[in-house]
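**Student:** What follows is target33.txt; its format and atoms are compact mmCIF, C-alpha atoms.
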```txt
# COMPACT_ATOMS: atom_id res chain seq x y z
CA MET A 1 0.00 0.00 0.00
CA ALA A 2 1.20 3.55 -0.67
CA SER A 3 1.95 5.13 2.68
CA SER A 4 4.21 7.50 4.53
CA THR A 5 6.46 4.59 5.50
CA ARG A 6 7.60 3.88 1.96
CA THR A 7 11.24 4.87 1.38
CA PRO A 8 11.32 7.54 -1.33
CA PRO A 9 13.72 7.20 -4.27
CA LEU A 10 16.98 9.07 -3.84
CA ASN A 11 16.63 10.93 -7.14
CA GLU A 12 14.63 14.12 -6.48
CA LEU A 13 13.68 14.33 -10.16
CA PHE A 14 12.27 10.79 -10.15
CA PRO A 15 8.56 11.71 -10.26
CA PHE A 16 8.99 13.87 -13.35
CA GLU A 17 11.60 11.71 -15.04
CA LEU A 18 9.21 8.76 -14.79
CA VAL A 19 6.67 10.58 -16.98
CA ARG A 20 9.11 12.65 -19.01
CA ALA A 21 7.88 11.28 -22.35
CA GLU A 22 4.27 12.10 -21.49
CA LEU A 23 5.20 15.56 -20.20
CA GLU A 24 7.00 16.25 -23.48
CA ARG A 25 3.76 15.44 -25.29
CA VAL A 26 1.92 17.81 -22.94
CA GLU A 27 4.52 20.50 -23.66
CA ILE A 28 4.04 20.08 -27.40
CA ALA A 29 0.26 20.17 -27.00
CA ILE A 30 0.44 23.37 -24.93
CA ARG A 31 2.51 25.08 -27.60
CA GLU A 32 0.14 23.84 -30.29
CA GLN A 33 -2.71 25.69 -28.57
CA VAL A 34 -1.27 28.93 -29.97
CA ARG A 35 -2.78 28.02 -33.34
CA GLY A 36 -6.24 28.13 -31.80
CA PHE A 37 -6.03 31.92 -31.54
CA ASP A 38 -6.31 34.70 -34.09
CA PRO A 39 -2.95 35.35 -35.83
CA ALA A 40 -2.86 38.82 -34.26
CA ILE A 41 -2.99 37.22 -30.81
CA GLU A 42 -0.65 34.28 -31.43
CA PRO A 43 2.64 36.02 -30.48
CA TYR A 44 1.31 36.98 -27.05
CA VAL A 45 -0.08 33.52 -26.33
CA ALA A 46 3.12 31.92 -27.60
CA TYR A 47 5.18 33.99 -25.18
CA ILE A 48 3.15 32.69 -22.23
CA CYS A 49 3.02 29.09 -23.46
CA ASN A 50 6.74 28.99 -24.26
CA THR A 51 7.68 30.07 -20.75
CA SER A 52 8.48 26.66 -19.35
CA GLY A 53 6.99 26.01 -15.92
CA LYS A 54 7.21 23.05 -13.57
CA ARG A 55 4.13 21.42 -15.14
CA ILE A 56 3.17 20.00 -11.75
CA ARG A 57 -0.52 19.67 -12.56
CA PRO A 58 0.00 17.69 -15.79
CA ALA A 59 2.53 15.51 -13.97
CA LEU A 60 -0.02 14.73 -11.26
CA SER A 61 -2.68 13.85 -13.83
CA ILE A 62 -0.28 11.53 -15.65
CA LEU A 63 1.07 9.89 -12.50
CA VAL A 64 -2.43 9.16 -11.16
CA GLY A 65 -3.36 7.73 -14.55
CA GLY A 66 -0.30 5.50 -14.49
CA ALA A 67 -1.00 4.35 -10.93
CA ALA A 68 -4.63 3.65 -11.87
CA GLY A 69 -3.78 1.25 -14.67
CA GLY A 70 -2.33 3.24 -17.55
CA VAL A 71 -1.98 6.70 -19.04
CA ASN A 72 -4.20 7.61 -22.00
CA ASP A 73 -4.74 10.70 -24.14
CA ASP A 74 -7.44 12.02 -21.82
CA HIS A 75 -4.95 12.24 -18.93
CA LEU A 76 -2.68 14.33 -21.14
CA LYS A 77 -5.56 16.51 -22.30
CA LEU A 78 -6.58 17.13 -18.69
CA GLY A 79 -3.01 18.16 -17.92
CA VAL A 80 -2.98 20.64 -20.83
CA ILE A 81 -6.31 22.17 -19.77
CA LEU A 82 -5.32 22.60 -16.13
CA GLU A 83 -1.95 24.05 -17.09
CA LEU A 84 -3.60 26.64 -19.34
CA ILE A 85 -5.90 27.64 -16.48
CA HIS A 86 -2.85 27.87 -14.21
CA MET A 87 -0.99 30.03 -16.72
CA ALA A 88 -3.99 32.34 -16.96
CA THR A 89 -4.00 32.77 -13.18
CA LEU A 90 -0.29 33.58 -13.19
CA VAL A 91 -0.81 36.31 -15.79
CA HIS A 92 -3.50 37.85 -13.58
CA ASP A 93 -1.48 37.30 -10.38
CA ASP A 94 1.48 39.19 -11.81
CA ILE A 95 -0.73 42.14 -12.69
CA ILE A 96 -2.25 42.25 -9.21
CA ASP A 97 1.14 41.91 -7.50
CA GLY A 98 2.99 44.24 -9.84
CA ALA A 99 5.54 41.50 -10.48
CA ASN A 100 8.12 42.17 -13.18
CA THR A 101 9.75 38.75 -13.56
CA ARG A 102 8.69 35.13 -13.43
CA ARG A 103 10.99 32.20 -14.17
CA MET A 104 13.79 34.66 -14.90
CA VAL A 105 11.93 36.40 -17.76
CA PRO A 106 9.74 39.53 -17.90
CA THR A 107 6.08 39.01 -17.02
CA ALA A 108 3.37 39.76 -19.57
CA ASN A 109 2.42 42.95 -17.72
CA ALA A 110 6.05 44.09 -17.68
CA LYS A 111 6.23 43.64 -21.46
CA TRP A 112 2.82 44.84 -22.62
CA GLY A 113 1.12 46.56 -19.69
CA ASN A 114 -1.81 45.59 -17.51
CA SER A 115 -4.66 46.15 -19.94
CA LEU A 116 -3.45 43.75 -22.61
CA SER A 117 -2.31 41.23 -19.99
CA VAL A 118 -5.74 41.08 -18.34
CA LEU A 119 -7.28 40.23 -21.70
CA LEU A 120 -4.55 37.70 -22.41
CA GLY A 121 -5.32 35.90 -19.15
CA ASP A 122 -9.02 35.94 -20.04
CA ALA A 123 -8.25 34.44 -23.46
CA LEU A 124 -6.28 31.58 -21.88
CA PHE A 125 -9.09 30.88 -19.41
CA SER A 126 -11.74 30.73 -22.13
CA HIS A 127 -9.59 28.57 -24.39
CA ALA A 128 -8.97 26.06 -21.59
CA LEU A 129 -12.69 25.79 -20.86
CA THR A 130 -13.39 25.30 -24.57
CA LEU A 131 -10.92 22.40 -24.65
CA ALA A 132 -12.71 20.82 -21.69
CA THR A 133 -15.82 20.39 -23.84
CA ASP A 134 -13.90 17.77 -25.86
CA PHE A 135 -14.29 15.26 -23.03
CA ASN A 136 -17.12 12.82 -23.60
CA SER A 137 -18.47 13.66 -20.15
CA ILE A 138 -20.49 16.65 -19.08
CA ASP A 139 -19.51 15.87 -15.48
CA ILE A 140 -15.79 16.25 -16.19
CA CYS A 141 -16.41 19.44 -18.17
CA ARG A 142 -18.48 20.80 -15.29
CA LYS A 143 -15.79 19.94 -12.72
CA VAL A 144 -13.09 21.64 -14.78
CA GLY A 145 -15.29 24.74 -14.96
CA ASN A 146 -15.90 24.58 -11.22
CA SER A 147 -12.16 24.43 -10.57
CA ALA A 148 -11.53 27.48 -12.76
CA ARG A 149 -14.28 29.34 -10.90
CA GLU A 150 -12.78 28.34 -7.53
CA VAL A 151 -9.39 29.71 -8.54
CA CYS A 152 -10.89 33.03 -9.60
CA GLN A 153 -13.03 33.30 -6.47
CA GLY A 154 -10.02 32.60 -4.27
CA GLU A 155 -8.07 35.37 -5.95
CA ILE A 156 -10.96 37.80 -5.57
CA ILE A 157 -11.39 37.07 -1.86
CA GLN A 158 -7.66 37.37 -1.21
CA THR A 159 -7.52 40.69 -3.03
CA GLN A 160 -10.65 41.92 -1.27
CA ARG A 161 -9.21 41.10 2.17
CA ARG A 162 -5.82 42.76 1.84
CA PHE A 163 -4.84 44.88 4.86
CA ASP A 164 -7.86 43.42 6.69
CA LEU A 165 -7.09 42.67 10.35
CA THR A 166 -10.15 40.45 10.71
CA PHE A 167 -8.77 37.91 8.22
CA THR A 168 -8.45 34.57 10.04
CA LYS A 169 -6.43 31.39 9.54
CA ALA A 170 -9.61 29.52 8.66
CA GLU A 171 -10.26 32.06 5.89
CA TYR A 172 -6.64 31.79 4.75
CA PHE A 173 -6.92 28.01 4.33
CA ARG A 174 -10.22 28.41 2.50
CA VAL A 175 -8.67 30.93 0.09
CA ILE A 176 -5.55 28.92 -0.71
CA GLY A 177 -7.65 25.79 -1.09
CA MET A 178 -9.54 27.66 -3.79
CA LYS A 179 -6.70 29.50 -5.52
CA THR A 180 -4.07 26.73 -5.45
CA GLY A 181 -5.50 23.51 -4.05
CA ALA A 182 -8.39 23.35 -6.52
CA LEU A 183 -6.24 22.68 -9.59
CA PHE A 184 -3.99 20.17 -7.79
CA ALA A 185 -7.12 18.39 -6.55
CA SER A 186 -8.70 18.37 -10.02
CA ALA A 187 -5.52 16.99 -11.59
CA CYS A 188 -5.66 14.00 -9.23
CA GLY A 189 -9.39 13.49 -8.75
CA LEU A 190 -10.39 13.93 -12.39
CA SER A 191 -7.51 11.74 -13.53
CA ALA A 192 -8.89 9.01 -11.28
CA LYS A 193 -12.32 9.52 -12.82
CA LEU A 194 -10.89 9.30 -16.33
CA SER A 195 -9.30 5.98 -15.31
CA GLY A 196 -12.66 4.62 -14.23
CA LEU A 197 -11.88 4.40 -10.52
CA ASP A 198 -14.76 4.37 -8.05
CA GLU A 199 -16.08 7.56 -6.43
CA ALA A 200 -14.50 6.81 -3.04
CA THR A 201 -11.04 6.49 -4.61
CA GLU A 202 -11.62 9.59 -6.70
CA ALA A 203 -12.45 11.46 -3.49
CA ARG A 204 -9.29 10.21 -1.76
CA LEU A 205 -7.11 11.32 -4.66
CA HIS A 206 -8.92 14.65 -4.82
CA ALA A 207 -8.06 15.06 -1.12
CA TYR A 208 -4.41 14.14 -1.81
CA GLY A 209 -4.22 16.87 -4.44
CA MET A 210 -5.92 19.43 -2.21
CA LYS A 211 -3.51 18.81 0.66
CA LEU A 212 -0.50 18.78 -1.65
CA GLY A 213 -1.61 22.04 -3.27
CA THR A 214 -2.27 23.68 0.09
CA ALA A 215 1.17 22.66 1.35
CA TYR A 216 2.70 23.97 -1.87
CA GLN A 217 1.01 27.36 -1.37
CA ILE A 218 2.28 27.54 2.21
CA TYR A 219 5.77 26.88 0.83
CA ASP A 220 5.27 29.65 -1.74
CA ASP A 221 4.12 32.01 1.03
CA CYS A 222 7.18 31.18 3.14
CA ILE A 223 9.60 31.54 0.25
CA ASP A 224 8.15 34.97 -0.50
CA LEU A 225 9.58 36.00 2.87
CA VAL A 226 12.84 34.07 3.07
CA GLY A 227 13.73 33.27 -0.55
CA SER A 228 16.19 34.84 -2.97
CA GLU A 229 14.91 36.29 -6.24
CA GLU A 230 18.07 35.12 -7.99
CA VAL A 231 17.42 31.53 -6.92
CA ILE A 232 13.63 31.44 -7.17
CA GLY A 233 13.47 33.34 -10.45
CA LYS A 234 10.52 35.62 -9.73
CA THR A 235 9.72 38.85 -7.94
CA LEU A 236 9.50 38.27 -4.18
CA ARG A 237 8.23 40.25 -1.12
CA THR A 238 5.05 41.12 -3.04
CA ASP A 239 2.86 39.60 -0.32
CA LEU A 240 4.26 42.02 2.24
CA LEU A 241 4.01 45.02 -0.03
CA LYS A 242 0.42 44.26 -1.04
CA GLY A 243 -0.89 43.47 2.44
CA LYS A 244 -1.62 39.79 1.85
CA PHE A 245 -2.18 37.81 5.02
CA THR A 246 -0.27 34.58 4.51
CA LEU A 247 0.15 31.87 7.14
CA PRO A 248 3.55 33.10 8.43
CA ILE A 249 2.15 36.61 8.91
CA LEU A 250 -1.01 35.30 10.60
CA ASN A 251 1.18 33.20 12.90
CA LEU A 252 3.23 36.27 13.71
CA LEU A 253 0.18 38.39 14.54
CA GLU A 254 -1.02 35.58 16.80
CA THR A 255 2.24 35.12 18.75
CA ALA A 256 3.90 38.55 18.79
CA SER A 257 3.98 40.56 21.97
CA GLU A 258 1.16 43.03 22.51
CA THR A 259 3.46 45.97 21.80
CA GLN A 260 4.71 44.45 18.57
CA ARG A 261 1.21 43.43 17.53
CA ILE A 262 -0.10 46.98 18.06
CA LYS A 263 2.74 48.32 15.89
CA LEU A 264 2.03 45.73 13.19
CA ASN A 265 -1.69 46.39 13.30
CA LYS A 266 -1.12 50.13 12.90
CA ARG A 267 1.09 49.60 9.87
CA ILE A 268 -1.56 47.32 8.37
CA LEU A 269 -4.42 49.74 9.02
CA ASP A 270 -2.38 52.60 7.58
CA GLN A 271 -1.57 50.33 4.63
CA GLU A 272 2.14 50.81 5.21
CA PRO A 273 4.31 48.08 3.69
CA LEU A 274 5.25 45.26 6.09
CA ASP A 275 8.83 45.22 4.86
CA LEU A 276 11.31 42.54 5.83
CA PRO A 277 13.48 44.66 8.17
CA VAL A 278 10.39 45.34 10.30
CA LEU A 279 9.60 41.62 10.56
CA LEU A 280 13.18 40.59 11.27
CA GLY A 281 13.13 42.89 14.27
CA ILE A 282 10.35 40.86 15.90
CA ALA A 283 11.55 37.98 18.04
CA GLU A 284 8.58 35.77 17.14
CA TYR A 285 9.22 36.04 13.37
CA GLU A 286 11.33 32.89 13.05
CA GLY A 287 8.81 30.93 15.09
CA ALA A 288 6.04 32.07 12.74
CA ILE A 289 7.94 30.62 9.77
CA GLU A 290 8.67 27.41 11.70
CA SER A 291 5.02 26.95 12.57
CA ALA A 292 3.92 27.46 8.95
CA VAL A 293 6.46 24.87 7.79
CA ASP A 294 5.22 22.40 10.41
CA THR A 295 1.64 22.92 9.27
CA ALA A 296 2.56 22.16 5.67
CA LEU A 297 4.56 19.08 6.67
CA GLY A 298 1.52 17.79 8.54
CA LEU A 299 -0.63 18.19 5.44
CA LEU A 300 1.92 16.29 3.37
CA ALA A 301 1.95 13.42 5.86
CA GLU A 302 -1.85 13.26 5.66
CA SER A 303 -1.78 13.37 1.87
CA ARG A 304 0.40 10.26 1.70
CA GLU A 305 -2.31 8.31 3.51
CA ASP A 306 -4.82 9.34 0.83
CA LEU A 307 -2.78 7.40 -1.74
CA ALA A 308 -3.49 4.08 -0.02
CA PRO A 309 -6.22 2.96 -2.49
CA LEU A 310 -3.69 3.00 -5.35
CA GLY A 311 -1.62 0.16 -3.90
CA ASP A 312 2.02 -0.39 -4.85
CA SER A 313 3.33 0.74 -8.22
CA VAL A 314 6.14 2.86 -9.56
CA HIS A 315 3.68 5.67 -10.33
CA ALA A 316 2.18 5.55 -6.83
CA SER A 317 5.71 5.71 -5.42
CA ALA A 318 6.32 8.82 -7.50
CA LEU A 319 3.23 10.48 -6.00
CA VAL A 320 4.65 9.73 -2.55
CA GLN A 321 8.05 11.07 -3.58
CA ILE A 322 6.55 14.41 -4.65
CA THR A 323 5.41 14.95 -1.07
CA HIS A 324 8.89 14.15 0.27
CA PHE A 325 10.52 16.48 -2.24
CA LEU A 326 8.19 19.34 -1.24
CA ALA A 327 8.90 18.54 2.42
CA GLY A 328 12.60 19.01 1.69
CA LEU A 329 11.95 22.42 0.13
CA LEU A 330 9.88 23.43 3.14
CA GLU A 331 12.66 22.46 5.53
CA LYS A 332 14.95 24.88 3.71
CA CYS A 333 12.62 27.72 4.70
CA ARG A 334 13.57 27.29 8.35
CA ARG A 335 16.04 29.91 9.49
```
Translate this file's structure into structure tokens.
**Tutor:**
Amino acid sequence: MASSTRTPPLNELFPFELVRAELERVEIAIREQVRGFDPAIEPYVAYICNTSGKRIRPALSILVGGAAGGVNDDHLKLGVILELIHMATLVHDDIIDGANTRRMVPTANAKWGNSLSVLLGDALFSHALTLATDFNSIDICRKVGNSAREVCQGEIIQTQRRFDLTFTKAEYFRVIGMKTGALFASACGLSAKLSGLDEATEARLHAYGMKLGTAYQIYDDCIDLVGSEEVIGKTLRTDLLKGKFTLPILNLLETASETQRIKLNKRILDQEPLDLPVLLGIAEYEGAIESAVDTALGLLAESREDLAPLGDSVHASALVQITHFLAGLLEKCRR
């Protein structure tokens, strides 16, 4: 049975190397989507599609398909659709955050401005949803649409609640479950459905993806505080500048001394940037990061248990290994 006790492979790239051939087909398919747009739009879409990402969501779809009995074209198609939705959200995220670089290259908004970039993100969203209609299942098409809606709603709520002192941890987890967890969960749950697995197993794999995606977002929130732009390859500290309440910040507000909390609250209410020097001067800051890392590690441990219905296979082992690899990245966030 797949469980947290299985020894992960030593090669950190193992999960993606295992499905490298399938991911190459996904990559080709993503780039082929450019031809689905008007020639006047193609160069802009090509720029986004040719910016190579981690392709985590397609990898999850393919790995679940492999663990469930075999990968077919529908698993690859699902990966393409979810990746296009993800790319659309990144275009919009970069506009909202005022980010200038992603994966070491200029963002769409840095190259062409916010107005065109908003429309470009919209075009990617609509194209992805159009592709979803190719599935011979209204239920799958509906669930893809629901996932896209969840992502958008999560982004709206997060933007709406910036600099809001009443924002709670429960609301934080709800938001990141929508904006990040939803696509991870769909990659796993819908892949199980495409493989013909029963509803209970589909639900377990959906839960695995949700927990993995939530842990990944916590990692992203931590790295925004402690990471290096040169290493990570994108603009950092945007959460602090834009007043986003991420788990480390919520932990800090919960554990800081009353004096420090009053000072932090005033800066938030005045919409003054919570810059890093301010945070580093608070004794509880490191503990806030540690606590966030521990929370994410707990979610990853739980997610491994959700893989139990898949049994033993090389693809199931790869799904376990992804959680261990992310756990390793999280550990590096500790100061």
**Student:** With distances taken over only C-alpha atoms, which residue among A:Asp122, A:Asp74, A:Asp164, A:Glu199 lies nearest A:Leu269?
**Tutor:**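 The closest residue to A:Leu269 is A:Asp164.
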**Student:** List as a list in words: which residues have an atom within 6 Å of (-4.5, 30.5, -25.0), counting all atoms listed in the file?
**Tutor:** Val45, Ala123, Leu124 and His127 of chain A
**Student:** Tell me, as a PyMOL selection string, which residues lie within 12 Å of stretch 133-140 of chain A, counting all atoms listed in the file; anything in the same chain fewer than 5 positions away does not count.
**Tutor:** chain A and resi 73-78+81+126-128+145-147+186-187+189-194
**Student:** Could you check how far atom CA of A:Asp220 sits from atom CA of A:Arg162, in Å to one decimal?
**Tutor:**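 The value is 17.5 Å.
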**Student:** Between atom CA of A:Tyr285 and atom CA of A:Leu240, what is the distance in Å, rounded to a tenth?
**Tutor:**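 Value for the atom CA of A:Tyr285-atom CA of A:Leu240 distance: 13.6 Å.
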**Student:** Give me, as a list in words, all polymer residues having an atom no more than 8 Å from A:Ile62, counting all atoms listed in the file and skipping those fewer than 2 positions away in the same chain.
**Tutor:**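 Within the cut-off, the hits are Val19, Glu22, Pro58, Ala59, Leu60, Val64, Gly65, Gly66, Val71, His75, Leu76, Gly79 and Ser191 of chain A.
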**Student:** Work out how far apart atom CA of A:Ile48 and atom CA of A:Glu24 are and give it in Å to one decimal.
**Tutor:** 16.9 Å
**Student:** Of the candidates A:Ile282, A:Val105, A:Leu253, A:Leu119, which one gets nearest to A:His92 if we count all atoms listed in the file?
**Tutor:**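 Looking only at the distances to A:His92, the closest residue turns out to be A:Leu119.
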**Student:** Counting all atoms listed in the file, which residue out of A:Gly181, A:Met87, A:Gly70, A:Val26 sits closest to A:Tyr216?
**Tutor:**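 With all atoms listed in the file as the atom set, the closest residue is A:Gly181.
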**Student:** When you count all atoms listed in the file, which of these residues is closest to A:Ser317: A:Tyr208, A:Ala67, A:Gln217, A:Leu23?
**Tutor:** A:Ala67
**Student:** Which residue out of A:Ala68, A:Val151, A:Leu63, A:Arg25 has the minimum interatomic distance to A:Gly196 when only C-alpha atoms are used?
**Tutor:**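 Of all the options, A:Ala68 lies closest to A:Gly196.
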**Student:** Out of A:Val175, A:Glu284, A:Glu42, A:Lys169, which residue has the shortest atom-to-atom distance to A:Glu258 when counting all atoms listed in the file?
**Tutor:**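 Among A:Val175, A:Glu284, A:Glu42, A:Lys169, it is A:Glu284 that comes nearest to A:Glu258.
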**Student:** As a PyMOL selection string, please: the residues near A:Ile268 (cut-off 8 Å, only C-alpha atoms, same-chain neighbours under 3 positions excluded).
**Tutor:** chain A and resi 163-165+243+264-265+271-274
**Student:** Just write the chosen residues, C-alpha atoms, as a tab-separated table (two decimals), keeping the file's coordinate frame.
**Tutor:**
```
chain	number	residue	atom	x	y	z
A	163	PHE	CA	-4.84	44.88	4.86
A	164	ASP	CA	-7.86	43.42	6.69
A	165	LEU	CA	-7.09	42.67	10.35
A	243	GLY	CA	-0.89	43.47	2.44
A	264	LEU	CA	2.03	45.73	13.19
A	265	ASN	CA	-1.69	46.39	13.30
A	271	GLN	CA	-1.57	50.33	4.63
A	272	GLU	CA	2.14	50.81	5.21
A	273	PRO	CA	4.31	48.08	3.69
A	274	LEU	CA	5.25	45.26	6.09
```
**Student:** So that I can check the surroundings of A:Arg149, please list as a PDB file with C-alpha atoms, in the coordinates of the input every protein, DNA and RNA residue that reaches within 10 Å of it, counting all atoms listed in the file and ignoring chain neighbours fewer than 6 positions away.
**Tutor:**
```pdb
ATOM      1  CA  LYS A 143     -15.790  19.940 -12.720  1.00  0.00           C
ATOM      2  CA  GLU A 155      -8.070  35.370  -5.950  1.00  0.00           C
ATOM      3  CA  MET A 178      -9.540  27.660  -3.790  1.00  0.00           C
ATOM      4  CA  LYS A 179      -6.700  29.500  -5.520  1.00  0.00           C
ATOM      5  CA  ALA A 182      -8.390  23.350  -6.520  1.00  0.00           C
TER       6      ALA A 182
END
```
**Student:** Would you mind listing what lies within 10 Å of A:Tyr47 as a list in words, with all atoms listed in the file counted and same-chain residues fewer than 4 positions away left out?
**Tutor:**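 The neighbour list is Arg31, Val34, Glu42, Pro43, Thr51, Ser52, Thr107 and Ala108 of chain A.
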